[in-house]
Amino acid sequence: MMKNFKELVAKAKNIQNKPRIVVACPYDKNVLEALDRVQRENIGDVILLGNKDKTYSIKKEHNLNIGSMEFIEKELDIEALEESYNMVIKNKADILVKGMVQTKDFMRTILSDKSFIKNKLLTHISVFDIPSKDKLLFVSDPSIMTEPTLEQKKIILDNALELLKNLEIEDPKVAIISSTEVPNKAIKSSLDGEKLMELQEKENIWDAKIYGPLAIDNAVSKEAAKLKNIDSEVGGNADLLLMPNLDAGNIFCKGLVYIGGFQSAGIVMGAYKPIVLTSRSAGVEERFNSICIACLLAEKMK
């Protein structure tokens with residue numbers, strides 16, 4: 001069971017067959033620096049697609065080493081996106097990484113060929129290294145599903161738990177997040193939490209402990225859970241937070257990064273191969289950690 005990014009990166013370095021990582025439009029210092037580290041530490045082989053002059057001007061300005069990376073020249077961003085996706089579909093690459101393009105354009109390209117999608121939905125999971133908890137915290141979905149229905153939340157949960165399983169998180173504890181721990185007809189997320197927990201109790205669909213609804217304090221603080229009389233192993237000890245909607249997930253995750261200062265990563269699940277989706281403002285560590293997670297997944301998906 002990996003408890004932090006240090007352990008996760010160490011495991012990625014030990015992968016025998018290094019995955020091929022394809023990146024369209026790598027026009028940013030942080031993108032290129034993260035990829036340089038991936039290649040230097042022998043975690044994977046990098047293939048860049050895009051405008052060579054634009055890429056190499058960034059390389060020169062920041063004194064980056066990308067000479068050992070394969071480069072495929074594509075003048076237009078859309079051409080680079082489409083070709084990178086093609087390479088993954090045709091098994092010429094193992095991991096697709098979002099460069100400096102908008103998420104909507106990146107996702108539109110992926111959704112253009114549904115044969116690549118394994119589950120009913122592609123969903124995003126953010127991962128955080130929380131030293132005080134001595135474990136990784138997973139949050140879904142902060143980037144793709146805007147206002148998920150109850151049925152869509154089931155798929156978000158399926159995808160997230162597949163990630164936890166592949167990262168060897170044993171006996172995962174899932175908190176269905178709301179603004180309250182008491183079901184309230186006026187608060188949809190609280191009713192969804194109640195229904196998902198009832199479903200798990202009746203049918204045991206997921207190999208995990210599920211509890212909801214839970215407010216965020218009761219999900220991550222044992223003291224808060226005790227004060228609210230939460231009678232569940234999940235209370236104060238959640239591994240995965242299933243968020244009410246994109247707004248809540250996105251604000252929470254960016255708060256952890258920009259206010260809390262926690263290291264993070266992001267991955268898209270639901271396809272036949274790993275997809276790395278990070279914000280265009282993501283730093284070097286977030287991009288590097290995300291690619292390491294994708295490399296571990298790629299090994300399992302072969």
# chains A, B, ... in the order shown; residues from 1 in each chain; ligands from 1
$ residues_around --residues "Asp28 in chain A" --least-positions-apart "3" --cutoff "9 Å" --atoms "only C-alpha atoms" --output "list in words"
Cys25, Val31, Leu32, Glu33, Thr55, Ile58, Lys59, Gly99, Met100 and Arg280 of chain A
$ closest_atom_pairs --of "range 137-181 of chain A" --to "range 288-300 of chain A" --cutoff "8 Å" --atoms "only C-alpha atoms" --output "Markdown table"
| residue | atom | partner | partner_atom | distance |
| --- | --- | --- | --- | --- |
| A:Leu163 | CA | A:Leu297 | CA | 7.8 |
| A:Asn166 | CA | A:Leu297 | CA | 6.6 |
| A:Leu167 | CA | A:Leu296 | CA | 7.6 |
$ write_last_selection --atoms "N, CA, C and O atoms" --output "JSON list (two decimals), in the first residue's frame"
[["chain", "number", "residue", "atom", "x", "y", "z"],
["A", 163, "LEU", "N", -8.87, 2.80, -9.73],
["A", 163, "LEU", "CA", -7.57, 3.44, -9.53],
["A", 163, "LEU", "C", -6.97, 3.04, -8.18],
["A", 163, "LEU", "O", -5.79, 2.67, -8.10],
["A", 166, "ASN", "N", -5.61, -0.47, -8.29],
["A", 166, "ASN", "CA", -4.36, -0.56, -9.05],
["A", 166, "ASN", "C", -3.18, 0.05, -8.31],
["A", 166, "ASN", "O", -2.02, -0.32, -8.55],
["A", 167, "LEU", "N", -3.47, 0.98, -7.39],
["A", 167, "LEU", "CA", -2.41, 1.58, -6.58],
["A", 167, "LEU", "C", -2.27, 0.87, -5.23],
["A", 167, "LEU", "O", -1.62, 1.36, -4.31]]
$ closest_residue --among "A:Lys54, A:Ser112, A:Glu147, A:Lys13" --to "Glu41 in chain A" --atoms "only C-alpha atoms"
A:Lys13
$ closest_residue --among "A:Ile89, A:Leu277, A:Ile47, A:Met269" --to "Lys120 in chain A" --atoms "only C-alpha atoms"
A:Met269
$ closest_residue --among "A:Ile110, A:Val9, A:Met1, A:Ile251" --to "Pro274 in chain A" --atoms "only C-alpha atoms"
A:Ile110
$ closest_residue --among "A:Glu7, A:Asp141, A:Asp45, A:Asp94" --to "Tyr272 in chain A" --atoms "only C-alpha atoms"
A:Asp94
$ residues_around --residues "Lys90 in chain A" --least-positions-apart "3" --cutoff "12 Å" --atoms "only C-alpha atoms" --output "PyMOL selection string"
chain A and resi 83-87+93-95+113+115-116+272-273
$ write_last_selection --atoms "all heavy atoms" --output "tab-separated table (two decimals), in the first residue's frame"
chain	number	residue	atom	x	y	z
A	83	GLU	N	-3.30	13.58	-33.59
A	83	GLU	CA	-2.25	12.58	-33.85
A	83	GLU	C	-1.82	11.89	-32.55
A	83	GLU	O	-1.56	10.68	-32.54
A	83	GLU	CB	-1.06	13.24	-34.54
A	83	GLU	CG	0.08	12.28	-34.85
A	83	GLU	CD	-0.31	11.12	-35.77
A	83	GLU	OE1	-1.32	11.25	-36.50
A	83	GLU	OE2	0.38	10.09	-35.74
A	84	SER	N	-1.73	12.64	-31.47
A	84	SER	CA	-1.35	12.03	-30.19
A	84	SER	C	-2.39	10.99	-29.76
A	84	SER	O	-2.04	9.91	-29.28
A	84	SER	CB	-1.18	13.10	-29.10
A	84	SER	OG	-2.41	13.75	-28.82
A	85	TYR	N	-3.64	11.32	-29.94
A	85	TYR	CA	-4.72	10.39	-29.59
A	85	TYR	C	-4.68	9.16	-30.50
A	85	TYR	O	-4.86	8.03	-30.05
A	85	TYR	CB	-6.06	11.12	-29.70
A	85	TYR	CG	-7.24	10.31	-29.20
A	85	TYR	CD1	-7.17	9.60	-28.00
A	85	TYR	CD2	-8.42	10.26	-29.92
A	85	TYR	CE1	-8.25	8.87	-27.54
A	85	TYR	CE2	-9.52	9.54	-29.45
A	85	TYR	CZ	-9.43	8.84	-28.27
A	85	TYR	OH	-10.49	8.12	-27.82
A	86	ASN	N	-4.41	9.39	-31.78
A	86	ASN	CA	-4.28	8.30	-32.74
A	86	ASN	C	-3.20	7.32	-32.33
A	86	ASN	O	-3.34	6.11	-32.47
A	86	ASN	CB	-3.89	8.90	-34.10
A	86	ASN	CG	-4.93	8.60	-35.15
A	86	ASN	OD1	-5.89	7.91	-34.90
A	86	ASN	ND2	-4.72	9.14	-36.33
A	87	MET	N	-2.08	7.87	-31.85
A	87	MET	CA	-0.95	7.03	-31.45
A	87	MET	C	-1.32	6.11	-30.29
A	87	MET	O	-0.90	4.95	-30.24
A	87	MET	CB	0.24	7.91	-31.07
A	87	MET	CG	0.86	8.63	-32.24
A	87	MET	SD	2.23	9.70	-31.75
A	87	MET	CE	3.48	8.48	-31.33
A	93	ALA	N	1.64	4.37	-28.45
A	93	ALA	CA	1.95	5.02	-27.18
A	93	ALA	C	1.06	4.40	-26.11
A	93	ALA	O	0.00	3.84	-26.41
A	93	ALA	CB	1.72	6.52	-27.27
A	94	ASP	N	1.50	4.49	-24.86
A	94	ASP	CA	0.79	3.85	-23.75
A	94	ASP	C	0.04	4.84	-22.87
A	94	ASP	O	-0.89	4.45	-22.15
A	94	ASP	CB	1.79	3.09	-22.87
A	94	ASP	CG	2.61	2.09	-23.66
A	94	ASP	OD1	1.99	1.19	-24.25
A	94	ASP	OD2	3.84	2.23	-23.72
A	95	ILE	N	0.44	6.11	-22.89
A	95	ILE	CA	-0.14	7.12	-22.00
A	95	ILE	C	-0.35	8.41	-22.79
A	95	ILE	O	0.55	8.85	-23.52
A	95	ILE	CB	0.78	7.40	-20.80
A	95	ILE	CG1	0.94	6.15	-19.94
A	95	ILE	CG2	0.25	8.57	-19.96
A	95	ILE	CD1	2.07	6.24	-18.93
A	113	ASP	N	-13.71	9.23	-30.58
A	113	ASP	CA	-13.63	7.80	-30.87
A	113	ASP	C	-13.98	7.02	-29.62
A	113	ASP	O	-13.15	6.82	-28.74
A	113	ASP	CB	-12.22	7.44	-31.35
A	113	ASP	CG	-12.12	5.99	-31.82
A	113	ASP	OD1	-13.01	5.18	-31.48
A	113	ASP	OD2	-11.15	5.67	-32.54
A	115	SER	N	-14.50	4.01	-29.11
A	115	SER	CA	-13.93	2.66	-28.97
A	115	SER	C	-12.82	2.63	-27.93
A	115	SER	O	-12.46	1.57	-27.43
A	115	SER	CB	-13.40	2.18	-30.31
A	115	SER	OG	-12.29	2.96	-30.73
A	116	PHE	N	-12.27	3.81	-27.60
A	116	PHE	CA	-11.18	3.90	-26.63
A	116	PHE	C	-11.70	3.90	-25.20
A	116	PHE	O	-10.95	3.70	-24.25
A	116	PHE	CB	-10.37	5.17	-26.91
A	116	PHE	CG	-9.16	5.34	-26.04
A	116	PHE	CD1	-8.10	4.43	-26.10
A	116	PHE	CD2	-9.06	6.39	-25.16
A	116	PHE	CE1	-6.97	4.58	-25.30
A	116	PHE	CE2	-7.93	6.57	-24.36
A	116	PHE	CZ	-6.89	5.66	-24.44
A	272	TYR	N	-9.18	2.67	-21.96
A	272	TYR	CA	-8.34	1.46	-21.99
A	272	TYR	C	-6.88	1.76	-21.66
A	272	TYR	O	-6.11	0.84	-21.40
A	272	TYR	CB	-8.45	0.78	-23.36
A	272	TYR	CG	-9.75	0.02	-23.52
A	272	TYR	CD1	-10.78	0.53	-24.30
A	272	TYR	CD2	-9.95	-1.19	-22.87
A	272	TYR	CE1	-11.98	-0.16	-24.44
A	272	TYR	CE2	-11.14	-1.89	-23.00
A	272	TYR	CZ	-12.16	-1.36	-23.79
A	272	TYR	OH	-13.35	-2.04	-23.92
A	273	LYS	N	-6.52	3.05	-21.70
A	273	LYS	CA	-5.16	3.45	-21.34
A	273	LYS	C	-5.23	4.71	-20.48
A	273	LYS	O	-6.21	5.45	-20.54
A	273	LYS	CB	-4.32	3.69	-22.59
A	273	LYS	CG	-4.02	2.41	-23.37
A	273	LYS	CD	-3.09	2.67	-24.54
A	273	LYS	CE	-2.80	1.36	-25.28
A	273	LYS	NZ	-1.89	1.57	-26.43
$ closest_residue --among "A:Lys92, A:Gln263, A:Val268, A:Pro131" --to "Val284 in chain A" --atoms "only C-alpha atoms"
A:Gln263
$ residues_around --residues "Leu242 in chain A" --least-positions-apart "5" --cutoff "6 Å" --atoms "only C-alpha atoms" --output "JSON, numbers by chain"
{"A": [140, 176, 177]}
$ atom_distance --atom1 "CA of Asn119 in chain A" --atom2 "CA of Asn17 in chain A"
25.9 Å
$ residues_around --residues "Asn250 in chain A" --least-positions-apart "5" --cutoff "9 Å" --atoms "only C-alpha atoms" --output "PyMOL selection string"
chain A and resi 141-143+245+255
$ write_last_selection --atoms "all heavy atoms" --output "CSV table (one decimal), in the first residue's frame"
chain,number,residue,atom,x,y,z
A,141,ASP,N,-15.4,13.9,-8.6
A,141,ASP,CA,-14.7,14.3,-9.8
A,141,ASP,C,-14.6,15.8,-9.9
A,141,ASP,O,-15.6,16.5,-9.9
A,141,ASP,CB,-15.5,13.8,-11.0
A,141,ASP,CG,-14.9,14.1,-12.4
A,141,ASP,OD1,-14.3,15.2,-12.5
A,141,ASP,OD2,-15.1,13.3,-13.3
A,142,PRO,N,-13.4,16.3,-9.9
A,142,PRO,CA,-13.2,17.8,-9.8
A,142,PRO,C,-13.0,18.4,-11.2
A,142,PRO,O,-12.8,19.6,-11.2
A,142,PRO,CB,-11.9,17.9,-9.0
A,142,PRO,CG,-11.1,16.7,-9.4
A,142,PRO,CD,-12.1,15.6,-9.7
A,143,SER,N,-13.1,17.7,-12.3
A,143,SER,CA,-12.7,18.3,-13.6
A,143,SER,C,-13.6,18.0,-14.8
A,143,SER,O,-13.6,18.7,-15.7
A,143,SER,CB,-11.3,17.8,-13.9
A,143,SER,OG,-10.4,18.2,-12.9
A,245,ASN,N,-20.4,17.7,-6.9
A,245,ASN,CA,-20.4,18.2,-8.3
A,245,ASN,C,-19.0,18.8,-8.6
A,245,ASN,O,-18.2,18.8,-7.8
A,245,ASN,CB,-21.5,19.2,-8.5
A,245,ASN,CG,-21.4,20.4,-7.5
A,245,ASN,OD1,-20.4,20.7,-7.0
A,245,ASN,ND2,-22.6,21.0,-7.2
A,255,GLY,N,-8.1,24.4,-3.4
A,255,GLY,CA,-7.8,24.9,-2.1
A,255,GLY,C,-6.7,24.1,-1.4
A,255,GLY,O,-5.8,24.7,-0.7
$ closest_residue --among "A:Leu121, A:Ala12, A:Val139, A:Ile21" --to "Leu246 in chain A" --atoms "only C-alpha atoms"
A:Val139
